[in-house]
$ cat structure_2.csv   # CSV, C-alpha atoms
chain,number,residue,atom,x,y,z
A,17,MET,CA,79.3,134.4,169.8
A,18,VAL,CA,76.4,132.6,171.3
A,19,LYS,CA,74.5,129.8,169.6
A,20,GLU,CA,71.5,127.9,170.9
A,21,LEU,CA,70.1,124.4,170.2
A,22,ASP,CA,66.7,123.6,171.4
A,23,ILE,CA,66.2,119.9,171.1
A,24,ALA,CA,64.2,116.9,172.5
A,25,ALA,CA,66.1,115.4,175.3
A,26,VAL,CA,66.3,111.9,174.0
A,27,LYS,CA,69.3,109.7,173.6
A,28,ASP,CA,68.8,109.4,169.8
A,29,ASN,CA,69.6,113.1,169.6
A,30,LEU,CA,73.1,112.7,171.0
A,31,ASP,CA,74.7,112.8,167.6
A,32,ALA,CA,72.9,116.0,166.7
A,33,VAL,CA,74.0,117.6,169.9
A,34,LEU,CA,77.6,116.6,169.3
A,35,ARG,CA,77.4,117.9,165.8
A,36,PHE,CA,76.2,121.2,167.1
A,37,VAL,CA,79.1,121.4,169.5
A,38,GLU,CA,81.6,120.4,166.9
A,39,GLU,CA,80.3,123.1,164.5
A,40,GLN,CA,80.8,125.8,167.1
A,41,LEU,CA,84.3,124.6,167.9
A,42,GLU,CA,85.4,124.6,164.3
A,43,ASN,CA,88.0,127.3,163.5
A,44,THR,CA,88.6,128.1,167.2
A,45,GLY,CA,92.0,126.4,167.1
A,46,CYS,CA,90.9,124.1,169.9
A,47,SER,CA,93.1,121.0,170.2
A,48,PRO,CA,91.7,117.6,169.4
A,49,LYS,CA,92.2,116.6,173.0
A,50,THR,CA,90.2,119.6,174.3
A,51,GLN,CA,87.5,118.9,171.7
A,52,MET,CA,87.3,115.3,173.0
A,53,GLN,CA,87.0,116.5,176.6
A,54,ILE,CA,84.2,118.9,175.7
A,55,GLU,CA,82.4,116.2,173.7
A,56,LEU,CA,82.7,113.9,176.6
A,57,ALA,CA,81.3,116.4,179.1
A,58,VAL,CA,78.4,117.3,176.7
A,59,GLU,CA,77.6,113.6,176.2
A,60,GLU,CA,77.5,112.8,179.9
A,61,ILE,CA,75.3,115.8,180.7
A,62,PHE,CA,72.9,115.5,177.8
A,63,ILE,CA,72.5,111.8,178.4
A,64,ASN,CA,71.8,112.5,182.1
A,65,ILE,CA,69.0,114.9,181.1
A,66,ALA,CA,67.6,112.5,178.5
A,67,SER,CA,67.6,109.7,181.0
A,68,TYR,CA,66.4,111.3,184.2
A,69,ALA,CA,65.1,114.9,183.9
A,70,TYR,CA,61.6,114.1,182.7
A,71,TYR,CA,61.4,110.4,183.4
A,72,PRO,CA,59.1,108.6,182.6
A,73,GLU,CA,58.0,111.4,180.3
A,74,THR,CA,60.3,113.2,177.8
A,75,GLY,CA,60.9,116.9,177.4
A,76,LYS,CA,63.3,119.4,175.9
A,77,ALA,CA,66.9,120.5,176.5
A,78,MET,CA,68.3,123.8,175.6
A,79,ILE,CA,72.0,124.1,175.0
A,80,ARG,CA,73.5,127.5,174.8
A,81,MET,CA,77.1,127.6,173.7
A,82,GLU,CA,79.3,130.6,173.9
A,83,ILE,CA,82.8,131.0,172.5
A,84,LYS,CA,84.9,133.8,173.9
A,85,PRO,CA,87.9,134.0,171.6
A,86,GLU,CA,89.7,136.7,173.7
A,87,GLN,CA,89.6,134.6,176.8
A,88,ARG,CA,90.2,131.4,174.9
A,89,GLU,CA,87.2,130.0,176.6
A,90,VAL,CA,84.0,128.2,175.8
A,91,SER,CA,81.0,128.0,178.1
A,92,ILE,CA,78.1,125.6,177.5
A,93,ILE,CA,74.8,126.0,179.4
A,94,PHE,CA,72.3,123.1,179.6
A,95,ILE,CA,68.8,124.0,180.6
A,96,ASP,CA,65.9,121.6,181.2
A,97,LEU,CA,62.5,122.0,182.8
A,98,GLY,CA,62.6,118.6,184.5
A,99,ILE,CA,62.6,117.7,188.1
A,100,PRO,CA,65.0,119.8,190.2
A,101,TYR,CA,68.3,117.9,190.2
A,102,ASN,CA,71.8,119.1,191.1
A,103,PRO,CA,74.2,116.6,189.7
A,104,LEU,CA,77.1,118.2,191.5
A,105,ALA,CA,75.6,117.4,194.9
A,106,LYS,CA,76.3,113.7,194.5
A,107,ALA,CA,79.6,112.5,196.1
A,108,ASP,CA,82.4,111.6,193.7
A,109,PRO,CA,83.0,107.9,193.3
A,110,ASP,CA,86.1,106.6,195.1
A,111,VAL,CA,88.4,105.8,192.2
A,112,THR,CA,91.1,104.3,194.4
A,113,LEU,CA,89.0,101.4,195.5
A,114,PRO,CA,90.0,97.9,194.3
A,115,PHE,CA,87.9,96.3,191.5
A,116,ALA,CA,85.7,94.2,193.8
A,117,GLN,CA,84.5,97.3,195.7
A,118,ARG,CA,84.0,99.5,192.7
A,119,LYS,CA,80.5,100.2,191.5
A,120,ILE,CA,79.7,99.6,187.8
A,121,GLY,CA,78.7,103.0,186.5
A,122,GLY,CA,78.4,106.3,188.1
A,123,LEU,CA,81.4,107.9,186.4
A,124,GLY,CA,79.7,110.3,184.1
A,125,ILE,CA,79.4,113.5,186.1
A,126,PHE,CA,82.8,112.7,187.7
A,127,LEU,CA,84.3,112.7,184.2
A,128,VAL,CA,82.7,116.1,183.5
A,129,LYS,CA,84.1,117.6,186.7
A,130,LYS,CA,87.6,116.3,185.9
A,131,ASN,CA,87.7,117.4,182.3
A,132,MET,CA,86.2,120.9,182.6
A,133,ASP,CA,87.8,124.0,184.2
A,134,ASP,CA,84.6,125.1,185.9
A,135,ILE,CA,81.1,123.7,186.4
A,136,HIS,CA,78.1,125.1,188.3
A,137,TYR,CA,74.5,124.4,188.8
A,138,GLU,CA,71.5,126.5,189.7
A,139,TYR,CA,67.7,126.0,189.8
A,140,VAL,CA,66.0,129.1,188.5
A,141,ASN,CA,62.4,129.7,187.3
A,142,GLY,CA,61.6,126.0,187.3
A,143,SER,CA,64.7,125.2,185.2
A,144,ASN,CA,67.8,123.2,185.9
A,145,VAL,CA,70.7,125.3,184.7
A,146,LEU,CA,74.1,123.5,184.5
A,147,THR,CA,77.1,125.5,183.1
A,148,ILE,CA,80.4,124.1,182.1
A,149,ILE,CA,83.4,126.2,181.2
A,150,LYS,CA,86.5,125.0,179.4
A,151,LYS,CA,89.7,126.9,178.4
A,152,ILE,CA,90.4,126.3,174.7
B,14,MET,CA,81.9,101.8,165.9
B,15,THR,CA,83.0,98.5,164.4
B,16,ILE,CA,84.2,95.4,166.2
B,17,GLU,CA,86.5,92.8,164.6
B,18,GLN,CA,86.8,89.5,166.4
B,19,LEU,CA,89.8,87.3,166.2
B,20,LYS,CA,89.5,84.0,168.0
B,21,ASN,CA,92.4,81.7,168.7
B,22,GLU,CA,91.3,78.7,170.8
B,23,GLU,CA,90.7,80.2,174.2
B,24,LYS,CA,92.0,83.7,173.3
B,25,LEU,CA,89.6,86.3,171.9
B,26,THR,CA,90.8,89.6,170.6
B,27,LEU,CA,88.2,92.3,169.9
B,28,ALA,CA,89.7,95.1,167.7
B,29,VAL,CA,87.3,98.0,168.2
B,30,GLU,CA,87.3,101.0,165.8
B,31,GLY,CA,85.6,104.3,166.3
B,32,ARG,CA,83.7,105.8,169.3
B,33,ILE,CA,82.5,103.9,172.3
B,34,ASP,CA,79.7,106.2,173.6
B,35,THR,CA,76.2,106.0,174.8
B,36,LYS,CA,74.9,105.1,171.4
B,37,THR,CA,77.5,102.4,170.6
B,38,ALA,CA,78.4,100.9,174.0
B,39,PRO,CA,75.3,98.7,174.0
B,40,GLU,CA,76.5,97.1,170.8
B,41,LEU,CA,79.8,96.2,172.4
B,42,GLU,CA,78.0,94.9,175.5
B,43,LYS,CA,75.8,92.7,173.2
B,44,THR,CA,78.8,91.4,171.3
B,45,LEU,CA,80.5,90.4,174.6
B,46,GLN,CA,77.4,88.5,175.8
B,47,GLY,CA,77.6,86.1,173.0
B,48,VAL,CA,81.3,85.4,172.7
B,49,LEU,CA,82.9,84.9,176.1
B,50,ASP,CA,81.9,81.2,176.6
B,51,GLY,CA,85.1,79.2,177.1
B,52,ILE,CA,87.4,82.3,176.7
B,53,LYS,CA,90.3,82.4,179.1
B,54,GLU,CA,92.1,85.4,177.6
B,55,LEU,CA,90.1,88.4,176.4
B,56,VAL,CA,92.0,91.2,174.7
B,57,PHE,CA,90.6,94.6,173.6
B,58,ASP,CA,92.7,96.2,170.9
B,59,PHE,CA,91.8,99.9,171.2
B,60,ALA,CA,94.4,101.2,168.6
B,61,LYS,CA,91.6,102.6,166.6
B,62,VAL,CA,89.3,103.8,169.4
B,63,SER,CA,89.1,107.6,169.3
B,64,TYR,CA,86.7,108.2,172.2
B,65,ILE,CA,85.2,106.6,175.3
B,66,SER,CA,82.6,107.9,177.6
B,67,SER,CA,81.2,106.5,180.9
B,68,ALA,CA,78.9,104.2,178.9
B,69,GLY,CA,81.9,102.5,177.5
B,70,LEU,CA,83.7,102.4,180.8
B,71,ARG,CA,80.7,100.6,182.3
B,72,VAL,CA,80.9,97.9,179.6
B,73,LEU,CA,84.6,97.4,180.4
B,74,MET,CA,83.8,97.0,184.1
B,75,MET,CA,81.2,94.4,183.2
B,76,ALA,CA,83.6,92.5,180.9
B,77,GLN,CA,86.2,92.5,183.7
B,78,ASN,CA,83.7,91.2,186.1
B,79,GLN,CA,82.9,88.4,183.8
B,80,MET,CA,86.6,87.6,183.0
B,81,ASN,CA,87.4,87.5,186.7
B,82,GLN,CA,85.4,84.3,186.8
B,83,GLN,CA,87.1,82.7,183.9
B,84,GLY,CA,90.4,84.2,183.0
B,85,THR,CA,92.2,87.4,182.1
B,86,MET,CA,91.3,90.7,180.3
B,87,THR,CA,93.8,93.1,178.8
B,88,ILE,CA,93.4,96.4,177.0
B,89,LEU,CA,96.0,97.2,174.4
B,90,HIS,CA,97.1,100.3,172.3
B,91,ALA,CA,94.8,102.9,173.9
B,92,ASN,CA,95.9,106.3,172.7
B,93,LYS,CA,97.0,108.9,175.2
B,94,ASP,CA,93.7,110.7,175.4
B,95,LEU,CA,92.0,107.5,176.3
B,96,MET,CA,94.8,106.7,178.8
B,97,GLU,CA,94.0,109.9,180.5
B,98,ILE,CA,90.4,108.9,180.9
B,99,PHE,CA,91.6,105.5,182.3
B,100,ASP,CA,93.9,107.4,184.7
B,101,ILE,CA,91.3,109.8,186.0
B,102,THR,CA,88.8,107.0,186.7
B,103,GLY,CA,91.4,104.8,188.3
B,104,PHE,CA,90.9,102.2,185.6
B,105,THR,CA,94.7,101.9,185.1
B,106,GLU,CA,94.8,100.5,188.6
B,107,ILE,CA,91.9,98.0,188.4
B,108,LEU,CA,92.1,96.8,184.8
B,109,THR,CA,95.2,95.5,182.9
B,110,ILE,CA,95.9,98.3,180.4
B,111,LEU,CA,99.2,97.8,178.6
$ encode --input "structure_2.csv" --output "structure tokens"
Amino acid sequence: MVKELDIAAVKDNLDAVLRFVEEQLENTGCSPKTQMQIELAVEEIFINIASYAYYPETGKAMIRMEIKPEQREVSIIFIDLGIPYNPLAKADPDVTLPFAQRKIGGLGIFLVKKNMDDIHYEYVNGSNVLTIIKKI
Amino acid sequence: MTIEQLKNEEKLTLAVEGRIDTKTAPELEKTLQGVLDGIKELVFDFAKVSYISSAGLRVLMMAQNQMNQQGTMTILHANKDLMEIFDITGFTEILTIL
């Protein structure tokens, strides 16, 4: 089952995006913890797109969510037409540093990587395409 | 998200309820800006927090930064899903999470 949401990539739409994701996860038997991890990944990615992809303009994000019940797997693809940006190219923050040496912020994509089973990025036909996969 | 404040002389407890996400974290940040004067002990009671994203973690870092100048900061009653986020990000090592 594949569902798509085409939405303006603005922070105010975060709740609508999360509602869309929750709706798809209903009746999948996905645990509350897994649901939280998926919501977290979706929030971090959507907010990144809303903040940077079209800055200082705004644009759209397309979110395509597929539930594969046999594989107990969900995949969510985020597509935007903003500036080419591979969020996976950025080095992970060093989370072992003492407080004084830690940067404030920069944990979003790291949290996505840690909470998903797979994540990949490609730039095709003028689009940033970021896919996350989670076993449910 | 709602924030209940309990002040006892130099100790301030903020009992937060709900989600600390990109939409609500600025509210927590704003609350903190106005209430930390003269506080030596800041306690976050997260018993009723169901979710935290990087936006919330950022506010906790800022609060710790402030409290390093003037006293202590403690996070209480985080549920196990939240604890996992704190573990992954190394927050269990750099903040006081009981």
$ interface_residues --input "structure_2.csv" --of "chain B" --to "chain A" --cutoff "7 Å" --atoms "only C-alpha atoms" --output "list in words"
Ser66, Ser67, Arg71, Met74, Asp94, Thr102, Gly103 and Ile107 of chain B
$ closest_residue --input "structure_2.csv" --among "A:Phe36, A:Tyr101, A:Tyr139, A:Phe94" --to "Tyr70 in chain A" --atoms "only C-alpha atoms"
A:Tyr101
$ atom_distance --input "structure_2.csv" --atom1 "CA of Lys19 in chain A" --atom2 "CA of Arg80 in chain A"
5.8 Å
$ residues_around --input "structure_2.csv" --residues "Val29 in chain B" --least-positions-apart "6" --cutoff "8 Å" --atoms "all atoms listed in the file" --output "short mmCIF file (atom, residue, chain, number, x, y, z; two decimals) with C-alpha atoms, in the frame of the given file"
data_model
loop_
_atom_site.label_atom_id
_atom_site.label_comp_id
_atom_site.auth_asym_id
_atom_site.auth_seq_id
_atom_site.Cartn_x
_atom_site.Cartn_y
_atom_site.Cartn_z
CA MET B 14 81.90 101.80 165.90
CA THR B 15 83.00 98.50 164.40
CA ILE B 16 84.20 95.40 166.20
CA GLU B 17 86.50 92.80 164.60
CA PHE B 57 90.60 94.60 173.60
CA ASP B 58 92.70 96.20 170.90
CA PHE B 59 91.80 99.90 171.20
CA ALA B 60 94.40 101.20 168.60
CA LYS B 61 91.60 102.60 166.60
CA VAL B 62 89.30 103.80 169.40
#
$ closest_residue --input "structure_2.csv" --among "A:Pro103, A:Val26, A:Ser47, A:Gln40" --to "Ser67 in chain A" --atoms "only C-alpha atoms"
A:Val26
$ residues_around --input "structure_2.csv" --residues "Met96 in chain B" --least-positions-apart "6" --cutoff "10 Å" --atoms "all atoms listed in the file" --output "list in words"
His90, Thr102, Phe104, Thr105, Ile110 and Leu111 of chain B
$ atom_distance --input "structure_2.csv" --atom1 "CA of Gly31 in chain B" --atom2 "CA of Asn78 in chain B"
23.8 Å
$ residues_around --input "structure_2.csv" --residues "Leu41 in chain A" --least-positions-apart "3" --cutoff "9 Å" --atoms "all atoms listed in the file" --output "VMD selection string"
chain A and resid 36 to 38 44 to 46 51 83 90
$ closest_residue --input "structure_2.csv" --among "A:Glu86, A:Met81, A:Asp133, A:Glu138" --to "Ala105 in chain A" --atoms "only C-alpha atoms"
A:Glu138
$ atom_distance --input "structure_2.csv" --atom1 "CA of Leu89 in chain B" --atom2 "CA of Thr37 in chain B"
19.6 Å
$ residues_around --input "structure_2.csv" --residues "Glu73 in chain A" --least-positions-apart "5" --cutoff "12 Å" --atoms "only C-alpha atoms" --output "PyMOL selection string"
chain A and resi 24-26+65-68+97-99
$ residues_around --input "structure_2.csv" --residues "Ile93 in chain A" --least-positions-apart "6" --cutoff "6 Å" --atoms "all atoms listed in the file" --output "list in words"
Ile79, Arg80, Leu146 and Thr147 of chain A
$ closest_residue --input "structure_2.csv" --among "A:Asp96, A:Tyr137, A:Pro85, A:Lys129" --to "Lys151 in chain A" --atoms "all atoms listed in the file"
A:Pro85
$ closest_residue --input "structure_2.csv" --among "B:Ala38, B:Ser63, B:Lys53, B:Leu95" --to "Gln79 in chain B" --atoms "all atoms listed in the file"
B:Lys53
$ residues_near_point --input "structure_2.csv" --point "(92.3, 79.3, 181.1)" --cutoff "8 Å" --atoms "all atoms listed in the file" --output "PyMOL selection string"
chain B and resi 23+52-54+83-84
$ write_last_selection --input "structure_2.csv" --atoms "C-alpha atoms" --output "PDB file, in the frame of the given file"
ATOM      1  CA  GLU B  23      90.700  80.200 174.200  1.00  0.00           C
ATOM      2  CA  ILE B  52      87.400  82.300 176.700  1.00  0.00           C
ATOM      3  CA  LYS B  53      90.300  82.400 179.100  1.00  0.00           C
ATOM      4  CA  GLU B  54      92.100  85.400 177.600  1.00  0.00           C
ATOM      5  CA  GLN B  83      87.100  82.700 183.900  1.00  0.00           C
ATOM      6  CA  GLY B  84      90.400  84.200 183.000  1.00  0.00           C
TER       7      GLY B  84
END
$ closest_residue --input "structure_2.csv" --among "B:Glu97, B:Asn92, B:Val72, B:Leu108" --to "Thr35 in chain B" --atoms "only C-alpha atoms"
B:Val72
